[in-house]
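For reference, data_32.txt is printed below; it contains compact mmCIF, C-alpha atoms.
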# COMPACT_ATOMS: atom_id res chain seq x y z
CA MET A 1001 7.66 116.29 57.05
CA ARG A 1002 10.25 113.60 57.63
CA LEU A 1003 9.14 111.54 60.62
CA LEU A 1004 10.64 108.67 62.60
CA LEU A 1005 8.31 106.35 64.55
CA VAL A 1006 10.05 104.05 67.02
CA SER A 1007 8.87 100.64 68.21
CA HIS A 1008 10.89 98.93 70.94
CA PRO A 1009 9.75 95.43 69.90
CA PRO A 1010 10.78 94.20 66.44
CA LEU A 1011 8.52 95.27 63.58
CA ILE A 1012 6.50 92.06 63.44
CA PRO A 1013 2.76 92.57 62.78
CA GLU A 1014 1.81 89.75 65.20
CA LEU A 1015 3.02 91.97 68.09
CA GLY A 1016 0.72 94.71 69.35
CA VAL A 1017 3.04 97.73 69.51
CA PRO A 1018 4.70 97.13 66.12
CA GLN A 1019 1.30 96.63 64.56
CA VAL A 1020 0.08 100.07 65.58
CA VAL A 1021 3.43 101.72 64.70
CA LEU A 1022 3.27 100.22 61.21
CA SER A 1023 -0.37 101.28 60.80
CA LEU A 1024 0.32 104.87 61.87
CA ALA A 1025 3.41 105.08 59.65
CA HIS A 1026 1.41 103.87 56.65
CA ALA A 1027 -1.39 106.38 57.31
CA LEU A 1028 1.12 109.24 57.57
CA ARG A 1029 2.73 108.21 54.29
CA GLU A 1030 -0.72 108.30 52.72
CA ARG A 1031 -0.87 111.96 53.82
CA GLY A 1032 2.39 112.67 51.99
CA HIS A 1033 4.88 112.51 54.86
CA ASP A 1034 8.23 110.75 54.57
CA THR A 1035 7.67 108.41 57.50
CA LEU A 1036 10.00 105.68 58.71
CA ALA A 1037 9.02 102.97 61.20
CA TRP A 1038 12.07 101.63 63.02
CA SER A 1039 13.01 99.30 65.87
CA PRO A 1040 16.31 98.98 67.79
CA GLU A 1041 16.03 95.19 67.61
CA PRO A 1042 18.09 93.11 67.57
CA LEU A 1043 19.98 94.53 70.54
CA PRO A 1044 23.66 93.70 71.06
CA PRO A 1045 24.39 90.21 72.39
CA GLY A 1046 24.70 90.13 76.16
CA THR A 1047 22.20 92.95 76.79
CA ARG A 1048 20.73 92.39 80.26
CA TRP A 1049 17.13 92.97 81.27
CA TRP A 1050 18.04 95.81 83.63
CA ASP A 1051 20.04 97.64 80.95
CA ARG A 1052 17.74 97.03 78.01
CA TRP A 1053 16.32 100.54 77.99
CA ARG A 1054 19.81 102.06 77.77
CA ALA A 1055 20.70 99.79 74.85
CA GLN A 1056 17.48 100.82 73.08
CA ARG A 1057 18.22 104.50 73.66
CA SER A 1058 21.81 104.18 72.43
CA ALA A 1059 20.69 102.33 69.30
CA LEU A 1060 18.15 105.08 68.55
CA GLU A 1061 20.72 107.84 68.96
CA ARG A 1062 23.13 106.03 66.60
CA PHE A 1063 20.39 105.53 64.03
CA VAL A 1064 19.36 109.20 64.11
CA ARG A 1065 22.96 110.29 63.59
CA GLU A 1066 23.27 107.98 60.59
CA ALA A 1067 19.80 108.33 58.99
CA GLY A 1068 18.77 111.86 59.99
CA PRO A 1069 17.79 114.57 59.88
CA PHE A 1070 14.15 114.19 60.92
CA ASP A 1071 11.55 116.85 61.59
CA ALA A 1072 10.10 114.84 64.47
CA ILE A 1073 11.08 111.70 66.37
CA ASP A 1074 8.21 109.77 67.93
CA ALA A 1075 9.27 107.24 70.58
CA PRO A 1076 8.45 105.92 74.06
CA ALA A 1077 9.48 108.53 76.63
CA ILE A 1078 12.23 106.36 78.09
CA SER A 1079 14.14 106.53 74.78
CA LEU A 1080 14.06 110.34 74.53
CA GLY A 1081 17.57 111.09 75.77
CA PRO A 1082 19.20 114.53 75.91
CA HIS A 1083 21.00 114.14 72.57
CA LEU A 1084 17.81 113.58 70.58
CA GLY A 1085 16.35 116.93 71.57
CA ARG A 1086 19.06 118.63 69.52
CA ALA A 1087 18.23 116.53 66.46
CA ALA A 1088 14.44 116.98 66.07
CA ARG A 1089 11.18 117.81 67.79
CA LEU A 1090 10.40 115.00 70.21
CA VAL A 1091 7.05 113.27 70.62
CA ALA A 1092 6.66 111.00 73.65
CA ARG A 1093 4.00 108.63 72.37
CA SER A 1094 2.65 106.11 74.85
CA PHE A 1095 2.45 102.65 73.33
CA GLN A 1096 2.57 101.09 76.79
CA PRO A 1097 2.17 102.92 80.14
CA GLU A 1098 5.58 101.80 81.40
CA MET A 1099 5.35 103.18 84.94
CA LEU A 1100 1.90 101.71 85.54
CA TYR A 1101 2.99 98.36 84.08
CA MET A 1102 5.97 98.22 86.41
CA LYS A 1103 3.84 99.10 89.42
CA ALA A 1104 1.30 96.38 88.61
CA ASP A 1105 3.97 93.74 87.97
CA LEU A 1106 5.89 94.63 91.14
CA ARG A 1107 2.69 94.40 93.18
CA ALA A 1108 2.19 90.89 91.82
CA GLN A 1109 5.80 89.96 92.65
CA LEU A 1110 5.37 91.14 96.23
CA LEU A 1111 2.65 88.52 96.69
CA ARG A 1112 5.28 85.84 95.97
CA PRO A 1113 8.61 87.58 96.61
CA THR A 1114 11.95 86.08 95.64
CA TRP A 1115 15.52 87.29 95.99
CA ARG A 1116 15.03 89.15 92.68
CA THR A 1117 12.17 91.30 93.98
CA PRO A 1118 14.34 94.07 95.55
CA PHE A 1119 16.33 94.34 92.32
CA HIS A 1120 13.12 94.69 90.29
CA ALA A 1121 11.94 97.42 92.67
CA ALA A 1122 15.22 99.34 92.36
CA HIS A 1123 15.13 98.95 88.60
CA GLY A 1124 11.60 100.36 88.56
CA VAL A 1125 12.79 103.53 90.32
CA VAL A 1126 15.59 104.05 87.78
CA VAL A 1127 13.32 103.42 84.80
CA SER A 1128 10.56 105.68 86.15
CA ALA A 1129 13.05 108.53 86.52
CA ALA A 1130 14.18 108.02 82.90
CA VAL A 1131 10.55 108.05 81.68
CA ILE A 1132 9.83 111.32 83.51
CA ARG A 1133 12.93 112.95 82.04
CA GLY A 1134 11.78 111.87 78.57
CA TRP A 1135 8.39 113.48 79.14
CA LYS A 1136 10.13 116.70 80.17
CA ARG A 1137 12.08 116.78 76.89
CA ALA A 1138 9.07 116.12 74.65
CA ALA A 1139 7.24 118.83 72.74
CA LEU A 1140 4.15 116.61 72.78
CA ILE A 1141 3.12 113.86 75.19
CA VAL A 1142 0.60 111.60 73.45
CA CYS A 1143 -1.40 109.34 75.77
CA GLN A 1144 -3.06 106.18 74.55
CA GLY A 1145 -6.68 106.75 75.50
CA THR A 1146 -8.44 109.03 77.96
CA LEU A 1147 -7.78 106.87 81.03
CA GLU A 1148 -4.03 107.36 80.66
CA ARG A 1149 -4.51 111.04 79.85
CA ASP A 1150 -6.55 111.50 83.03
CA TRP A 1151 -3.83 109.74 85.06
CA MET A 1152 -1.20 112.07 83.57
CA LEU A 1153 -3.32 115.11 84.38
CA ARG A 1154 -3.58 114.01 88.01
CA ARG A 1155 0.11 113.20 88.41
CA PHE A 1156 1.69 115.86 86.18
CA PRO A 1157 -0.81 118.73 85.78
CA ARG A 1158 1.92 121.16 84.68
CA TRP A 1159 2.21 119.26 81.38
CA ALA A 1160 -1.48 119.64 80.50
CA PRO A 1161 -0.83 121.95 77.50
CA ARG A 1162 1.39 119.28 75.92
CA LEU A 1163 -0.92 116.32 76.50
CA ARG A 1164 -2.80 114.74 73.62
CA VAL A 1165 -4.85 111.54 73.26
CA TRP A 1166 -4.63 108.98 70.50
CA VAL A 1167 -6.68 105.89 69.79
CA VAL A 1168 -5.91 102.77 67.77
CA ALA A 1169 -7.72 100.48 65.36
CA PRO A 1170 -7.11 97.30 63.38
CA PRO A 1171 -5.46 97.70 59.97
CA ALA A 1172 -7.86 98.24 57.07
CA ALA A 1173 -7.23 94.81 55.53
CA GLU A 1174 -8.02 93.04 58.81
CA ARG A 1175 -11.11 95.20 59.32
CA ALA A 1176 -12.66 93.74 56.20
CA ALA A 1177 -12.17 90.21 57.54
CA LEU A 1178 -13.59 91.19 60.95
CA ALA A 1179 -16.64 92.73 59.26
CA THR A 1180 -17.23 89.46 57.44
CA VAL A 1181 -17.12 87.55 60.73
CA ARG A 1182 -19.60 90.02 62.26
CA ARG A 1183 -22.03 89.84 59.31
CA GLU A 1184 -21.99 86.06 59.17
CA ARG A 1185 -22.24 85.49 62.92
CA VAL A 1186 -25.31 83.47 63.84
CA GLN A 1187 -26.74 82.43 67.17
CA ARG A 1188 -25.13 79.08 67.95
CA PRO A 1189 -27.44 76.34 69.19
CA GLY A 1190 -26.35 74.84 72.47
CA ARG A 1191 -26.31 75.72 76.13
CA GLY A 1192 -22.72 76.68 76.82
CA THR A 1193 -20.85 79.92 76.13
CA ARG A 1194 -17.43 79.80 74.48
CA PHE A 1195 -15.27 82.52 76.06
CA LEU A 1196 -12.11 83.93 74.46
CA TRP A 1197 -9.23 85.79 76.17
CA ILE A 1198 -6.30 87.15 74.12
CA GLY A 1199 -3.09 88.60 75.54
CA ARG A 1200 0.42 88.19 76.88
CA TRP A 1201 0.66 86.22 80.12
CA THR A 1202 1.77 88.96 82.48
CA ALA A 1203 0.40 90.33 85.75
CA HIS A 1204 -0.95 93.65 84.50
CA LYS A 1205 -3.15 91.75 82.01
CA GLY A 1206 -5.17 90.55 85.00
CA THR A 1207 -4.07 86.94 84.71
CA ALA A 1208 -4.79 86.19 88.37
CA ARG A 1209 -8.28 87.67 87.93
CA LEU A 1210 -8.79 85.54 84.83
CA VAL A 1211 -7.74 82.32 86.59
CA ARG A 1212 -10.20 82.99 89.44
CA PHE A 1213 -12.97 83.58 86.93
CA LEU A 1214 -12.19 80.38 85.02
CA ARG A 1215 -12.33 78.28 88.20
CA GLU A 1216 -15.58 79.83 89.42
CA ARG A 1217 -17.34 79.89 86.05
CA ALA A 1218 -16.33 76.33 85.21
CA ALA A 1219 -17.77 75.13 88.52
CA SER A 1220 -21.07 77.03 88.18
CA HIS A 1221 -21.55 76.61 84.40
CA PRO A 1222 -20.42 73.12 83.36
CA ASP A 1223 -21.34 73.68 79.71
CA ASP A 1224 -19.12 76.73 79.23
CA SER A 1225 -15.69 76.48 77.62
CA PHE A 1226 -12.69 78.79 77.41
CA THR A 1227 -9.75 79.66 75.15
CA VAL A 1228 -6.65 81.57 76.25
CA ALA A 1229 -4.76 82.74 73.16
CA GLY A 1230 -1.57 84.64 72.38
CA CYS A 1231 -0.29 83.92 75.88
CA GLY A 1232 2.97 82.09 75.14
CA PRO A 1233 4.05 78.94 76.99
CA ALA A 1234 4.01 80.52 80.48
CA ALA A 1235 0.23 80.37 80.90
CA GLU A 1236 0.00 76.61 81.26
CA ARG A 1237 1.66 76.54 84.68
CA ASP A 1238 -1.00 78.92 86.14
CA LEU A 1239 -4.17 77.69 84.45
CA PRO A 1240 -6.40 75.05 86.13
CA PRO A 1241 -4.97 71.65 85.12
CA GLY A 1242 -8.34 69.93 85.48
CA LEU A 1243 -9.93 72.19 82.88
CA LEU A 1244 -7.03 71.54 80.52
CA ARG A 1245 -7.31 67.78 80.96
CA ASP A 1246 -11.04 67.63 80.27
CA GLY A 1247 -10.78 69.88 77.22
CA ARG A 1248 -12.94 72.72 78.52
CA LEU A 1249 -9.92 75.05 78.52
CA ARG A 1250 -7.74 75.38 75.44
CA ILE A 1251 -4.43 77.22 75.21
CA VAL A 1252 -3.28 78.76 71.91
CA PRO A 1253 0.21 80.02 72.80
CA SER A 1254 0.57 81.97 69.54
CA PHE A 1255 -1.19 82.34 66.23
CA PRO A 1256 -0.54 84.13 62.93
CA ARG A 1257 -2.65 87.20 62.21
CA ALA A 1258 -4.29 85.35 59.34
CA ASP A 1259 -5.86 82.95 61.86
CA LEU A 1260 -7.52 85.69 63.93
CA PRO A 1261 -10.89 85.70 62.06
CA ALA A 1262 -11.30 81.94 62.52
CA LEU A 1263 -10.41 82.23 66.20
CA LEU A 1264 -13.03 84.95 66.71
CA THR A 1265 -15.63 83.03 64.72
CA ALA A 1266 -15.24 80.02 67.02
CA HIS A 1267 -16.27 81.94 70.17
CA ASP A 1268 -19.36 83.59 71.61
CA ALA A 1269 -17.98 86.20 74.02
CA GLY A 1270 -14.71 87.98 74.75
CA LEU A 1271 -12.93 88.56 78.05
CA PHE A 1272 -10.65 91.50 78.93
CA THR A 1273 -9.25 91.42 82.45
CA SER A 1274 -6.38 93.94 82.52
CA SER A 1275 -5.74 96.04 85.61
CA VAL A 1276 -3.47 98.31 83.53
CA GLU A 1277 -3.35 98.41 79.74
CA GLY A 1278 -1.91 100.51 76.97
CA TRP A 1279 -5.02 100.05 74.85
CA GLY A 1280 -5.86 96.42 74.19
CA LEU A 1281 -6.32 96.07 70.43
CA CYS A 1282 -8.10 92.78 71.07
CA LEU A 1283 -11.02 94.92 72.32
CA ASN A 1284 -11.50 96.42 68.86
CA GLU A 1285 -10.99 93.06 67.19
CA MET A 1286 -13.51 91.17 69.32
CA LEU A 1287 -16.14 93.92 69.12
CA GLU A 1288 -15.74 94.35 65.37
CA ALA A 1289 -16.14 90.57 64.99
CA GLY A 1290 -19.53 90.79 66.71
CA LEU A 1291 -18.59 89.41 70.13
CA PRO A 1292 -19.96 90.94 73.31
CA VAL A 1293 -16.93 91.68 75.48
CA TYR A 1294 -16.82 91.57 79.30
CA ALA A 1295 -14.09 94.03 80.26
CA THR A 1296 -12.46 95.68 83.21
CA ARG A 1297 -12.14 99.47 83.03
CA ALA A 1298 -8.64 99.71 81.59
CA GLY A 1299 -6.94 100.60 78.33
CA GLY A 1300 -9.34 101.69 75.61
CA VAL A 1301 -12.55 100.62 77.37
CA ALA A 1302 -13.64 104.15 78.35
CA ASP A 1303 -13.09 105.43 74.81
CA LEU A 1304 -14.83 102.50 73.10
CA ALA A 1305 -17.85 102.17 75.39
CA PRO A 1306 -19.92 105.09 73.97
CA TYR A 1307 -19.86 103.52 70.50
CA TRP A 1308 -20.86 99.94 71.31
CA ALA A 1309 -24.03 100.20 73.44
CA ASP A 1310 -24.51 96.92 75.33
CA ARG A 1311 -21.78 95.07 73.40
CA LEU A 1312 -19.06 96.26 75.81
CA ARG A 1313 -20.01 95.04 79.29
CA ALA A 1314 -18.47 95.03 82.76
CA PHE A 1315 -16.31 92.12 83.85
CA PRO A 1316 -17.06 89.57 85.28
CA PRO A 1317 -19.98 88.21 83.25
CA PRO A 1318 -23.21 87.66 85.22
CA ALA A 1319 -24.50 84.18 85.92
CA ARG A 1320 -27.03 84.49 83.09
CA LEU A 1321 -25.78 86.11 79.90
CA GLU A 1322 -28.26 88.28 78.05
CA PRO A 1323 -27.96 88.33 74.26
CA PRO A 1324 -26.86 91.70 72.88
CA GLY A 1325 -29.45 94.04 71.48
CA PRO A 1326 -29.55 95.30 67.90
CA GLU A 1327 -26.21 96.33 66.47
CA PRO A 1328 -25.63 100.06 67.05
CA ASP A 1329 -24.89 102.46 64.20
CA LEU A 1330 -21.16 101.90 63.78
CA ALA A 1331 -20.48 104.75 61.36
CA PRO A 1332 -19.33 107.12 64.15
CA TYR A 1333 -17.07 104.39 65.54
CA PHE A 1334 -15.37 103.72 62.21
CA GLU A 1335 -14.94 107.44 61.63
CA ARG A 1336 -13.26 108.01 65.00
CA PHE A 1337 -11.24 104.80 65.22
CA SER A 1338 -9.45 104.87 61.90
CA TRP A 1339 -5.82 105.29 60.97
CA PRO A 1340 -6.51 108.06 58.42
CA GLU A 1341 -8.26 110.08 61.14
CA THR A 1342 -5.50 109.39 63.67
CA ALA A 1343 -2.87 110.47 61.13
CA ARG A 1344 -4.81 113.65 60.37
CA LEU A 1345 -4.93 114.63 64.04
CA TYR A 1346 -1.25 113.72 64.44
CA GLU A 1347 -0.33 116.02 61.55
CA GLU A 1348 -2.37 118.87 63.04
CA ASP A 1349 -0.60 118.53 66.39
CA LEU A 1350 2.86 118.57 64.79
CA LEU A 1351 2.10 121.53 62.53
CA ALA A 1352 0.79 123.49 65.52
CA LEU A 1353 4.12 123.25 67.34
CA GLU A 1354 6.31 126.33 67.46
CA PRO A 1355 9.38 126.07 65.21
CA ARG A 1356 12.53 124.76 66.86
CA PRO A 1357 14.92 127.53 67.91
Written as structure tokens, that's how I'd like the structure from this file.
Amino acid sequence: MRLLLVSHPPLIPELGVPQVVLSLAHALRERGHDTLAWSPEPLPPGTRWWDRWRAQRSALERFVREAGPFDAIDAPAISLGPHLGRAARLVARSFQPEMLYMKADLRAQLLRPTWRTPFHAAHGVVVSAAVIRGWKRAALIVCQGTLERDWMLRRFPRWAPRLRVWVVAPPAAERAALATVRRERVQRPGRGTRFLWIGRWTAHKGTARLVRFLRERAASHPDDSFTVAGCGPAAERDLPPGLLRDGRLRIVPSFPRADLPALLTAHDAGLFTSSVEGWGLCLNEMLEAGLPVYATRAGGVADLAPYWADRLRAFPPPARLEPPGPEPDLAPYFERFSWPETARLYEEDLLALEPRP
């Protein structure tokens, strides 16, 4: 099959969505499919935030006309316009739950409204309508994890026969480095716990929840320390300035993928605070590096929990942290959460579709 996988962000491995698009494309090529990973970036100069989705859709339609034909086009639902349905079978793959993200971010804006808030609300209505129309056009609707699938079943039960679930994993090369970190991890002498949080600094990542935790934990556990990584420059204005000044809180605005193993090695426990999440690849990364992770029930948590015993724990951490028990048998985890397995299931779903009329 000739397949097109679309990433809205540019195809840079340091970004979450492009990383999984590139991994899936590679795994499908390994199965013999002519698979192209593509992004509409860079968008035309002057593209405004409220019209970005239209520019992305237009760029995709132009590209398909020029580079087609394809047997299937896999893209976020908002980019599946009416013209694409005549060009190939459409797969609405969820890389980010756009409607839930917008709802969470708007709720945060309403706590501190500005003159822009009504415009963001109106934009959310327009975008949500475009997402729903994309789902209607898709032959398959692929949800990222069972939590999103369950939400879709509640909201759109008529689409149940078209719903599928996919899971993600780190690339194979990075997995080897994470396994080394896990094998070489030793109990660090000392009283304090070094906590690590990784993510973009945006409301649906639970940033307000994280800030509350940092203040409370720092006051009750003076030996603990914290790192907030991958957050960009915006985090500094919200994080407790006193913790930054005394060095107990460190910000790493960005880091190359090659530095991830060292970052994980330097910490004792992970934090995951999202209220809404597509998946949260940092969950896999922290767990595979041997960190216990304290996580809210969002993204991939429900899918990962059965494989990690007491390593995946509820957020917030208790006052006294118990060391994790013996490492569980991870063979079932690595079998389920692998790109070759994901590609195999993807192929089965596409081959099971009825031929286009």
| Distance of CA of Glu1277 in chain A from CA of Pro1326 in chain A, expressed in Å to one decimal place | 28.9 Å
| Counting all atoms listed in the file, what is within 7 Å of range 1010-1025 of chain A, bar same-chain residues fewer than 4 positions away, as a list of chain:residue names? |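 That gives A:Leu1005, A:Arg1029, A:Thr1035, A:Leu1036, A:Ala1037, A:Ser1039, A:Glu1041, A:Phe1095, A:Val1168, A:Pro1171, A:Pro1256, A:Arg1257, A:Trp1339, A:Ala1343.
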Take the residues that were just selected and, keeping C-alpha atoms, output them as a JSON list (two decimals), in the frame of the given file.
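Generated file (out_6.json):
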[["chain", "number", "residue", "atom", "x", "y", "z"],
["A", 1005, "LEU", "CA", 8.31, 106.35, 64.55],
["A", 1029, "ARG", "CA", 2.73, 108.21, 54.29],
["A", 1035, "THR", "CA", 7.67, 108.41, 57.50],
["A", 1036, "LEU", "CA", 10.00, 105.68, 58.71],
["A", 1037, "ALA", "CA", 9.02, 102.97, 61.20],
["A", 1039, "SER", "CA", 13.01, 99.30, 65.87],
["A", 1041, "GLU", "CA", 16.03, 95.19, 67.61],
["A", 1095, "PHE", "CA", 2.45, 102.65, 73.33],
["A", 1168, "VAL", "CA", -5.91, 102.77, 67.77],
["A", 1171, "PRO", "CA", -5.46, 97.70, 59.97],
["A", 1256, "PRO", "CA", -0.54, 84.13, 62.93],
["A", 1257, "ARG", "CA", -2.65, 87.20, 62.21],
["A", 1339, "TRP", "CA", -5.82, 105.29, 60.97],
["A", 1343, "ALA", "CA", -2.87, 110.47, 61.13]]
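Computed from the coordinates, the CA of Met1286 in chain A to CA of Ser1225 in chain A distance equals 17.0 Å.
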| Which one of A:Ala1309, A:Leu1321, A:Ala1160, A:Leu1147 sits closest to Arg1297 in chain A if you count all atoms listed in the file? |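 Of all the options, A:Leu1147 lies closest to Arg1297 in chain A.
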| message | One number please: CA of Leu1178 in chain A to CA of Gly1190 in chain A, in Å, one decimal. | response |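 Between CA of Leu1178 in chain A and CA of Gly1190 in chain A the gap is 23.7 Å.
Nearest to Leu1163 in chain A of all the residues A:Val1142, A:Arg1182, A:Tyr1333, A:Leu1106 is A:Val1142, based on all atoms listed in the file.
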| request: Please work out which residues fall within 12 Å of (-16.9, 102.0, 77.9), coordinates as given in the file, with only C-alpha atoms counting, and return them as a ChimeraX atom specification. | output: /A:1145-1147,1283-1284,1287,1293-1315
| Contacts of range 1067-1069 of chain A within 10 Å, all atoms listed in the file, excl. fewer than 6 positions in-chain, as a PyMOL selection string | chain A and resi 1002-1004+1087-1088
| said: Calculated over only C-alpha atoms, which of the candidates A:His1033, A:Arg1086, A:Arg1093, A:Arg1133 has the smallest distance to Asp1074 in chain A? | reply: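 Among A:His1033, A:Arg1086, A:Arg1093, A:Arg1133, it is A:Arg1093 that comes nearest to Asp1074 in chain A.
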| 12 Å contact set for range 1044-1049 of chain A, all atoms listed in the file, chain neighbours under 4 positions out, as a PyMOL selection string | chain A and resi 1040+1053-1056+1058-1059+1119-1120+1123-1124+1127
With all atoms of range 1109-1119 of chain A from the file as input, state the centre and edge lengths in Å to one decimal of the axis-aligned box that has 4 Å extra on each side, as AutoDock Vina command-line options.
--center_x 9.5 --center_y 90.1 --center_z 94.5 --size_x 21.7 --size_y 16.5 --size_z 12.4
| request: Identify which of the residues A:Leu1060, A:Leu1260, A:Ala1235, A:Ala1122 lies closest to Ala1203 in chain A, counting only C-alpha atoms when measuring atom-to-atom distances. | output: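 The answer is A:Ala1235, which sits nearest to Ala1203 in chain A.
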| field | Residue nearest Thr1202 in chain A - candidates A:Asp1105, A:Glu1335, A:Glu1354, A:Asp1238, atoms counted: all atoms listed in the file | value |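 Answer, going by the shortest atom-to-atom distance: A:Asp1105.
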| query | Hey, what's within 8 Å of range 1184-1189 of chain A if we count only C-alpha atoms and toss same-chain stuff fewer than 2 positions away? As a PyMOL selection string, please? | reply | chain A and resi 1180-1182+1191+1265+1290
| Hey, which of A:Ala1172, A:Leu1350, A:Leu1100, A:Ala1092 ends up closest to Cys1143 in chain A? Count only C-alpha atoms. |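 Checking each candidate against Cys1143 in chain A, we get A:Ala1092 as the closest.
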| 9 Å contact set for Leu1249 in chain A, all atoms listed in the file, chain neighbours under 4 positions out, as a VMD selection string | chain A and resid 1214 1225 to 1228 1239 to 1245
